[in-house]
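Asker: Below is the file final-v8.pdb, with PDB, C-alpha atoms and all ligand atoms.
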MODEL        1
ATOM      1  CA  MET A   1      -4.708  16.849   2.439  1.00  0.00           C
ATOM      2  CA  LEU A   2      -3.145  16.465   5.853  1.00  0.00           C
ATOM      3  CA  ILE A   3      -1.371  13.141   6.216  1.00  0.00           C
ATOM      4  CA  THR A   4      -0.448  12.361   9.793  1.00  0.00           C
ATOM      5  CA  HIS A   5       2.480  10.228  10.821  1.00  0.00           C
ATOM      6  CA  ASP A   6       0.377   7.140  11.496  1.00  0.00           C
ATOM      7  CA  THR A   7      -1.538   7.449   8.208  1.00  0.00           C
ATOM      8  CA  ARG A   8       1.791   7.698   6.449  1.00  0.00           C
ATOM      9  CA  CYS A   9       2.971   4.523   8.193  1.00  0.00           C
ATOM     10  CA  ALA A  10      -0.235   2.695   7.291  1.00  0.00           C
ATOM     11  CA  LEU A  11       0.146   3.804   3.657  1.00  0.00           C
ATOM     12  CA  ASP A  12       3.753   2.618   3.499  1.00  0.00           C
ATOM     13  CA  THR A  13       2.667  -0.662   5.027  1.00  0.00           C
ATOM     14  CA  VAL A  14      -0.196  -1.281   2.604  1.00  0.00           C
ATOM     15  CA  VAL A  15       1.900  -0.346  -0.442  1.00  0.00           C
ATOM     16  CA  ASP A  16       4.670  -2.695   0.673  1.00  0.00           C
ATOM     17  CA  LEU A  17       2.118  -5.400   1.400  1.00  0.00           C
ATOM     18  CA  VAL A  18       0.542  -5.200  -2.055  1.00  0.00           C
ATOM     19  CA  ASN A  19       4.004  -5.193  -3.623  1.00  0.00           C
ATOM     20  CA  THR A  20       5.025  -8.438  -1.912  1.00  0.00           C
ATOM     21  CA  ALA A  21       2.682 -10.242  -4.315  1.00  0.00           C
ATOM     22  CA  PRO A  22       4.529 -12.018  -7.133  1.00  0.00           C
ATOM     23  CA  GLU A  23       4.123 -10.135 -10.415  1.00  0.00           C
ATOM     24  CA  ASP A  24       3.710 -13.357 -12.382  1.00  0.00           C
ATOM     25  CA  GLU A  25       3.944 -17.116 -11.888  1.00  0.00           C
ATOM     26  CA  SER A  26       7.717 -17.213 -12.294  1.00  0.00           C
ATOM     27  CA  ALA A  27       8.354 -14.576  -9.602  1.00  0.00           C
ATOM     28  CA  SER A  28       8.674 -15.477  -5.947  1.00  0.00           C
ATOM     29  CA  ASP A  29       6.208 -14.388  -3.279  1.00  0.00           C
ATOM     30  CA  GLY A  30       7.544 -11.714  -0.912  1.00  0.00           C
ATOM     31  CA  LEU A  31       5.475 -13.421   1.780  1.00  0.00           C
ATOM     32  CA  ALA A  32       6.654 -16.937   1.045  1.00  0.00           C
ATOM     33  CA  ASP A  33       6.478 -18.248   4.606  1.00  0.00           C
ATOM     34  CA  VAL A  34       5.701 -17.328   8.200  1.00  0.00           C
ATOM     35  CA  ALA A  35       9.269 -16.039   8.719  1.00  0.00           C
ATOM     36  CA  ALA A  36       8.762 -13.573   5.845  1.00  0.00           C
ATOM     37  CA  LEU A  37       5.530 -12.403   7.455  1.00  0.00           C
ATOM     38  CA  GLU A  38       7.342 -11.970  10.791  1.00  0.00           C
ATOM     39  CA  ASP A  39       9.958  -9.834   9.008  1.00  0.00           C
ATOM     40  CA  PHE A  40       7.220  -7.775   7.407  1.00  0.00           C
ATOM     41  CA  VAL A  41       5.518  -7.143  10.768  1.00  0.00           C
ATOM     42  CA  ARG A  42       8.831  -6.219  12.396  1.00  0.00           C
ATOM     43  CA  SER A  43      10.053  -3.903   9.652  1.00  0.00           C
ATOM     44  CA  HIS A  44       6.722  -2.037   9.618  1.00  0.00           C
ATOM     45  CA  LYS A  45       6.749  -1.738  13.425  1.00  0.00           C
ATOM     46  CA  MET A  46       3.214  -3.116  13.724  1.00  0.00           C
ATOM     47  CA  SER A  47       2.205  -2.996  17.371  1.00  0.00           C
ATOM     48  CA  ASP A  48       0.428  -5.689  19.398  1.00  0.00           C
ATOM     49  CA  VAL A  49       1.049  -8.564  16.995  1.00  0.00           C
ATOM     50  CA  GLY A  50       1.346 -11.940  18.711  1.00  0.00           C
ATOM     51  CA  VAL A  51       2.856 -15.227  17.557  1.00  0.00           C
ATOM     52  CA  LEU A  52       2.238 -15.828  13.841  1.00  0.00           C
ATOM     53  CA  SER A  53       1.098 -19.032  12.150  1.00  0.00           C
ATOM     54  CA  GLU A  54       0.408 -20.503   8.705  1.00  0.00           C
ATOM     55  CA  PHE A  55      -3.178 -19.434   9.260  1.00  0.00           C
ATOM     56  CA  ASP A  56      -2.053 -15.802   9.604  1.00  0.00           C
ATOM     57  CA  LEU A  57       0.061 -16.126   6.468  1.00  0.00           C
ATOM     58  CA  SER A  58      -2.825 -17.278   4.288  1.00  0.00           C
ATOM     59  CA  ALA A  59      -5.174 -14.690   5.817  1.00  0.00           C
ATOM     60  CA  VAL A  60      -2.680 -11.885   5.109  1.00  0.00           C
ATOM     61  CA  ARG A  61      -2.241 -13.086   1.524  1.00  0.00           C
ATOM     62  CA  ARG A  62      -6.014 -12.960   1.068  1.00  0.00           C
ATOM     63  CA  ILE A  63      -6.138  -9.422   2.484  1.00  0.00           C
ATOM     64  CA  ARG A  64      -3.252  -8.466   0.179  1.00  0.00           C
ATOM     65  CA  GLY A  65      -5.335  -9.466  -2.816  1.00  0.00           C
ATOM     66  CA  ARG A  66      -8.211  -7.290  -1.616  1.00  0.00           C
ATOM     67  CA  PHE A  67      -5.902  -4.295  -1.152  1.00  0.00           C
ATOM     68  CA  ALA A  68      -4.504  -4.852  -4.645  1.00  0.00           C
ATOM     69  CA  GLY A  69      -8.070  -4.535  -5.933  1.00  0.00           C
ATOM     70  CA  ILE A  70      -8.488  -1.176  -4.169  1.00  0.00           C
ATOM     71  CA  PHE A  71      -5.324   0.180  -5.812  1.00  0.00           C
ATOM     72  CA  ALA A  72      -6.704  -0.925  -9.172  1.00  0.00           C
ATOM     73  CA  ALA A  73     -10.190   0.556  -8.550  1.00  0.00           C
ATOM     74  CA  ALA A  74     -11.540   2.532 -11.492  1.00  0.00           C
ATOM     75  CA  ASP A  75     -13.277   5.165  -9.373  1.00  0.00           C
ATOM     76  CA  SER A  76     -14.002   6.228  -5.814  1.00  0.00           C
ATOM     77  CA  ARG A  77     -17.338   4.385  -5.682  1.00  0.00           C
ATOM     78  CA  SER A  78     -15.826   1.002  -6.380  1.00  0.00           C
ATOM     79  CA  ALA A  79     -12.899   1.749  -4.032  1.00  0.00           C
ATOM     80  CA  ALA A  80     -15.370   2.770  -1.307  1.00  0.00           C
ATOM     81  CA  GLY A  81     -17.319  -0.478  -1.695  1.00  0.00           C
ATOM     82  CA  MET A  82     -14.165  -2.580  -1.397  1.00  0.00           C
ATOM     83  CA  ILE A  83     -12.859  -0.624   1.594  1.00  0.00           C
ATOM     84  CA  ASN A  84     -16.207  -0.910   3.385  1.00  0.00           C
ATOM     85  CA  GLU A  85     -16.227  -4.680   2.975  1.00  0.00           C
ATOM     86  CA  LEU A  86     -12.635  -5.032   4.097  1.00  0.00           C
ATOM     87  CA  VAL A  87     -13.016  -2.881   7.204  1.00  0.00           C
ATOM     88  CA  ALA A  88     -16.384  -4.391   8.158  1.00  0.00           C
ATOM     89  CA  ALA A  89     -15.002  -7.939   7.959  1.00  0.00           C
ATOM     90  CA  ALA A  90     -12.007  -6.973  10.114  1.00  0.00           C
ATOM     91  CA  GLY A  91     -14.042  -5.320  12.847  1.00  0.00           C
ATOM     92  CA  THR A  92     -12.706  -2.131  14.411  1.00  0.00           C
ATOM     93  CA  THR A  93     -12.320  -0.599  17.845  1.00  0.00           C
ATOM     94  CA  PRO A  94     -11.117   2.969  17.357  1.00  0.00           C
ATOM     95  CA  ARG A  95      -9.052   4.133  20.279  1.00  0.00           C
ATOM     96  CA  LEU A  96      -6.634   6.942  20.983  1.00  0.00           C
ATOM     97  CA  THR A  97      -3.067   6.005  21.755  1.00  0.00           C
ATOM     98  CA  ASP A  98       0.291   7.743  22.161  1.00  0.00           C
ATOM     99  CA  HIS A  99       2.495   4.642  22.241  1.00  0.00           C
ATOM    100  CA  ASP A 100       6.242   4.737  21.649  1.00  0.00           C
ATOM    101  CA  GLY A 101       6.465   8.503  21.894  1.00  0.00           C
ATOM    102  CA  TYR A 102       4.149   9.259  18.961  1.00  0.00           C
ATOM    103  CA  ASP A 103       1.588  12.000  19.359  1.00  0.00           C
ATOM    104  CA  TRP A 104      -2.062  11.100  19.902  1.00  0.00           C
ATOM    105  CA  HIS A 105      -3.460   9.101  17.019  1.00  0.00           C
ATOM    106  CA  VAL A 106      -6.220   6.574  16.491  1.00  0.00           C
ATOM    107  CA  HIS A 107      -5.710   2.841  16.149  1.00  0.00           C
ATOM    108  CA  TYR A 108      -8.608   1.018  14.532  1.00  0.00           C
ATOM    109  CA  PHE A 109      -7.781  -2.662  14.985  1.00  0.00           C
ATOM    110  CA  ALA A 110      -9.672  -4.450  17.765  1.00  0.00           C
ATOM    111  CA  PRO A 111      -7.701  -5.623  20.825  1.00  0.00           C
ATOM    112  CA  GLY A 112      -6.327  -9.102  20.122  1.00  0.00           C
ATOM    113  CA  ALA A 113      -7.021  -8.785  16.373  1.00  0.00           C
ATOM    114  CA  SER A 114      -5.185 -11.179  14.059  1.00  0.00           C
ATOM    115  CA  VAL A 115      -2.459  -9.612  11.953  1.00  0.00           C
ATOM    116  CA  ALA A 116      -4.707  -9.805   8.868  1.00  0.00           C
ATOM    117  CA  ASP A 117      -7.554  -8.023  10.670  1.00  0.00           C
ATOM    118  CA  HIS A 118      -5.066  -5.497  12.045  1.00  0.00           C
ATOM    119  CA  LEU A 119      -3.883  -4.681   8.503  1.00  0.00           C
ATOM    120  CA  ALA A 120      -7.415  -4.625   7.107  1.00  0.00           C
ATOM    121  CA  ALA A 121      -8.652  -2.255   9.829  1.00  0.00           C
ATOM    122  CA  ASP A 122      -5.801   0.250  10.013  1.00  0.00           C
ATOM    123  CA  CYS A 123      -4.649   0.261   6.396  1.00  0.00           C
ATOM    124  CA  GLY A 124      -8.277   0.088   5.259  1.00  0.00           C
ATOM    125  CA  MET A 125      -9.070   3.211   7.280  1.00  0.00           C
ATOM    126  CA  ALA A 126      -5.990   5.024   5.944  1.00  0.00           C
ATOM    127  CA  LEU A 127      -7.273   4.371   2.418  1.00  0.00           C
ATOM    128  CA  ALA A 128     -10.798   5.361   3.485  1.00  0.00           C
ATOM    129  CA  PHE A 129      -9.523   8.850   4.370  1.00  0.00           C
ATOM    130  CA  PHE A 130      -8.177   9.217   0.839  1.00  0.00           C
ATOM    131  CA  VAL A 131     -11.623   8.533  -0.554  1.00  0.00           C
ATOM    132  CA  VAL A 132     -13.163  10.990   1.947  1.00  0.00           C
ATOM    133  CA  ALA A 133     -10.675  13.677   0.893  1.00  0.00           C
ATOM    134  CA  GLY A 134     -11.543  13.129  -2.779  1.00  0.00           C
ATOM    135  CA  GLU A 135      -8.040  11.772  -3.348  1.00  0.00           C
ATOM    136  CA  GLN A 136      -8.775   8.161  -4.313  1.00  0.00           C
ATOM    137  CA  GLU A 137      -6.946   8.620  -7.600  1.00  0.00           C
ATOM    138  CA  ARG A 138      -3.690   9.057  -5.686  1.00  0.00           C
ATOM    139  CA  LEU A 139      -3.821   5.320  -4.987  1.00  0.00           C
ATOM    140  CA  ARG A 140      -2.131   4.105  -8.138  1.00  0.00           C
ATOM    141  CA  ARG A 141      -0.407   1.359  -9.967  1.00  0.00           C
ATOM    142  CA  CYS A 142       2.817   2.112 -11.824  1.00  0.00           C
ATOM    143  CA  GLU A 143       2.225   2.762 -15.518  1.00  0.00           C
ATOM    144  CA  ALA A 144       5.425   1.078 -16.686  1.00  0.00           C
ATOM    145  CA  PRO A 145       4.120  -1.873 -18.692  1.00  0.00           C
ATOM    146  CA  ASP A 146       6.279  -4.499 -17.017  1.00  0.00           C
ATOM    147  CA  CYS A 147       5.872  -3.150 -13.484  1.00  0.00           C
ATOM    148  CA  ARG A 148       2.379  -2.336 -12.164  1.00  0.00           C
ATOM    149  CA  ARG A 149       3.583  -1.964  -8.584  1.00  0.00           C
ATOM    150  CA  ALA A 150       1.260  -0.119  -6.215  1.00  0.00           C
ATOM    151  CA  PHE A 151       2.191   3.333  -4.931  1.00  0.00           C
ATOM    152  CA  VAL A 152       0.575   6.397  -3.375  1.00  0.00           C
ATOM    153  CA  ASP A 153       1.070   9.565  -5.382  1.00  0.00           C
ATOM    154  CA  LEU A 154       1.761  12.293  -2.816  1.00  0.00           C
ATOM    155  CA  SER A 155       2.943  14.823  -5.421  1.00  0.00           C
ATOM    156  CA  ARG A 156       1.268  18.208  -5.288  1.00  0.00           C
ATOM    157  CA  ASN A 157      -0.435  17.958  -8.661  1.00  0.00           C
ATOM    158  CA  ARG A 158      -1.074  14.187  -8.656  1.00  0.00           C
ATOM    159  CA  SER A 159       1.212  13.801 -11.642  1.00  0.00           C
ATOM    160  CA  ARG A 160       3.305  10.828 -10.621  1.00  0.00           C
ATOM    161  CA  ARG A 161       2.932   7.892 -12.993  1.00  0.00           C
ATOM    162  CA  TYR A 162       5.658   5.491 -11.941  1.00  0.00           C
ATOM    163  CA  CYS A 163       6.351   3.657  -8.706  1.00  0.00           C
ATOM    164  CA  ASP A 164       9.920   4.908  -8.465  1.00  0.00           C
ATOM    165  CA  SER A 165      10.926   7.584 -10.937  1.00  0.00           C
ATOM    166  CA  ARG A 166      14.597   6.627 -10.625  1.00  0.00           C
ATOM    167  CA  THR A 167      13.940   3.198 -12.103  1.00  0.00           C
ATOM    168  CA  CYS A 168      10.611   2.893 -13.902  1.00  0.00           C
ATOM    169  CA  GLY A 169      10.354   6.517 -15.067  1.00  0.00           C
ATOM    170  CA  ASN A 170      13.947   6.558 -16.256  1.00  0.00           C
ATOM    171  CA  ARG A 171      13.711   3.233 -17.999  1.00  0.00           C
ATOM    172  CA  LEU A 172      10.749   4.497 -20.016  1.00  0.00           C
ATOM    173  CA  HIS A 173      12.437   7.800 -20.843  1.00  0.00           C
ATOM    174  CA  VAL A 174      15.431   5.909 -22.192  1.00  0.00           C
ATOM    175  CA  ALA A 175      13.186   3.645 -24.254  1.00  0.00           C
ATOM    176  CA  ALA A 176      11.295   6.650 -25.689  1.00  0.00           C
ATOM    177  CA  TYR A 177      14.566   8.442 -26.462  1.00  0.00           C
ATOM    178  CA  ARG A 178      15.927   5.403 -28.299  1.00  0.00           C
ATOM    179  CA  ALA A 179      12.694   5.050 -30.272  1.00  0.00           C
ATOM    180  CA  ARG A 180      12.860   8.713 -31.331  1.00  0.00           C
ATOM    181  CA  ARG A 181      16.475   8.376 -32.405  1.00  0.00           C
ATOM    182  CA  LYS A 182      15.680   5.302 -34.392  1.00  0.00           C
ATOM    183  CA  GLU A 183      12.826   7.119 -36.113  1.00  0.00           C
ATOM    184  CA  SER A 184      14.899  10.159 -37.053  1.00  0.00           C
ATOM    185  CA  ALA A 185      17.763   7.904 -38.214  1.00  0.00           C
ATOM    186  CA  GLY A 186      15.461   5.808 -40.386  1.00  0.00           C
TER     187      GLY A 186
HETATM  188 ZN    ZN B   1       0.245   3.720  16.392  1.00  0.00          ZN
HETATM  189 ZN    ZN B   2       7.207   0.768 -11.569  1.00  0.00          ZN
ENDMDL
END
Could you write out this file's structure as structure tokens?
Answerer:
Amino acid sequence: MLITHDTRCALDTVVDLVNTAPEDESASDGLADVAALEDFVRSHKMSDVGVLSEFDLSAVRRIRGRFAGIFAAADSRSAAGMINELVAAAGTTPRLTDHDGYDWHVHYFAPGASVADHLAADCGMALAFFVVAGEQERLRRCEAPDCRRAFVDLSRNRSRRYCDSRTCGNRLHVAAYRARRKESAG
């Protein structure tokens, strides 16, 4: 499937958003306060975002939970249902733009949208195109048992199982290797 620059940005943003959630109660939240949300907005170059508040923070955390559900969806039908709800609640105003030197692309968030609605509209639509292309299963969670981070598998044959093969994949290979050695030694 063709993935344009802006879809790629929206995918990176939604993956990073989902992965700011604490993995368990002892872990810290990557969006702990408004300053962390401001950093997130800045580092993902989100356009047209105004002054942020506690209200925005809690709204974005709610949206994050909904996106996490989409990455965990069992099939395209349940993903489609969740995406429809998310995008409908955000409201959209598709419009062509070529801001900041990027080629023509479509923004979906409505003018003046809150940051949560902005994320829901544009990242929701990026995920919607995966469902349309029959590629919903590329939206994954890492299979390493102690990880479960979200990622988008952009490999040619959809074979990627871990969020970052240098860490999670390797860690598992080492564990499997040790287990085999132990078996043959015993
Ligand atoms: Zn843009
Ligand atoms: Zn992982």
Asker: Write as a ChimeraX atom specification the residues around ligand ZN 1 (chain B), taking 12 Å as the cut-off and counting all atoms listed in the file.
Answerer: /A:4-10,44-48,94-109,118,122-123
Asker: Tell me which of A:Phe71, A:Phe40, A:Phe55, A:Phe130 sits closest to Ile3 (chain A), counting only C-alpha atoms.
Answerer: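 Closest to Ile3 (chain A) of all the choices is A:Phe130.
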Asker: CA of Leu154 (chain A) and CA of Arg138 (chain A) are how many Å apart?
Answerer: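 The value is 7.0 Å.
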Asker: Dump the neighbourhood of ligand ZN 2 (chain B) as a PDB file with C-alpha atoms, keeping the file's coordinate frame: all residues within 6 Å, distances computed on all atoms listed in the file.
Answerer:
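Writing the result to out-v4.pdb gives the following:
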ATOM      1  CA  CYS A 142       2.817   2.112 -11.824  1.00  0.00           C
ATOM      2  CA  ALA A 144       5.425   1.078 -16.686  1.00  0.00           C
ATOM      3  CA  CYS A 147       5.872  -3.150 -13.484  1.00  0.00           C
ATOM      4  CA  ARG A 148       2.379  -2.336 -12.164  1.00  0.00           C
ATOM      5  CA  ARG A 149       3.583  -1.964  -8.584  1.00  0.00           C
ATOM      6  CA  TYR A 162       5.658   5.491 -11.941  1.00  0.00           C
ATOM      7  CA  CYS A 163       6.351   3.657  -8.706  1.00  0.00           C
ATOM      8  CA  ASP A 164       9.920   4.908  -8.465  1.00  0.00           C
ATOM      9  CA  CYS A 168      10.611   2.893 -13.902  1.00  0.00           C
TER      10      CYS A 168
END
Asker: Please, what distance in Å, to one decimal, runs between CA of Arg156 (chain A) and CA of Ser43 (chain A)?
Answerer: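 Computing the Euclidean distance for CA of Arg156 (chain A) and CA of Ser43 (chain A) yields 28.1 Å.
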Asker: Using all atoms listed in the file, which of A:Val15, A:Ala110, A:Leu119, A:Ala72 sits nearest Glu143 (chain A)?
Answerer: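 Going through A:Val15, A:Ala110, A:Leu119, A:Ala72 one by one, the smallest distance to Glu143 (chain A) is for A:Ala72.
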Asker: Would you list the contacts of Gly30 (chain A) as a JSON list (two decimals) with C-alpha atoms, keeping the file's coordinate frame, taking every protein, DNA or RNA residue within 10 Å and counting all atoms listed in the file, but skipping same-chain residues closer than 6 positions in sequence?
Answerer:
[["chain", "number", "residue", "atom", "x", "y", "z"],
["A", 16, "ASP", "CA", 4.67, -2.70, 0.67],
["A", 17, "LEU", "CA", 2.12, -5.40, 1.40],
["A", 18, "VAL", "CA", 0.54, -5.20, -2.06],
["A", 19, "ASN", "CA", 4.00, -5.19, -3.62],
["A", 20, "THR", "CA", 5.03, -8.44, -1.91],
["A", 21, "ALA", "CA", 2.68, -10.24, -4.32],
["A", 22, "PRO", "CA", 4.53, -12.02, -7.13],
["A", 36, "ALA", "CA", 8.76, -13.57, 5.84],
["A", 37, "LEU", "CA", 5.53, -12.40, 7.46],
["A", 40, "PHE", "CA", 7.22, -7.78, 7.41]]
Asker: Provide the CA of Met125 (chain A) to CA of Arg77 (chain A) distance in Å, to one decimal place.
Answerer: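 Rounded to one decimal, the two atoms are 15.4 Å apart.
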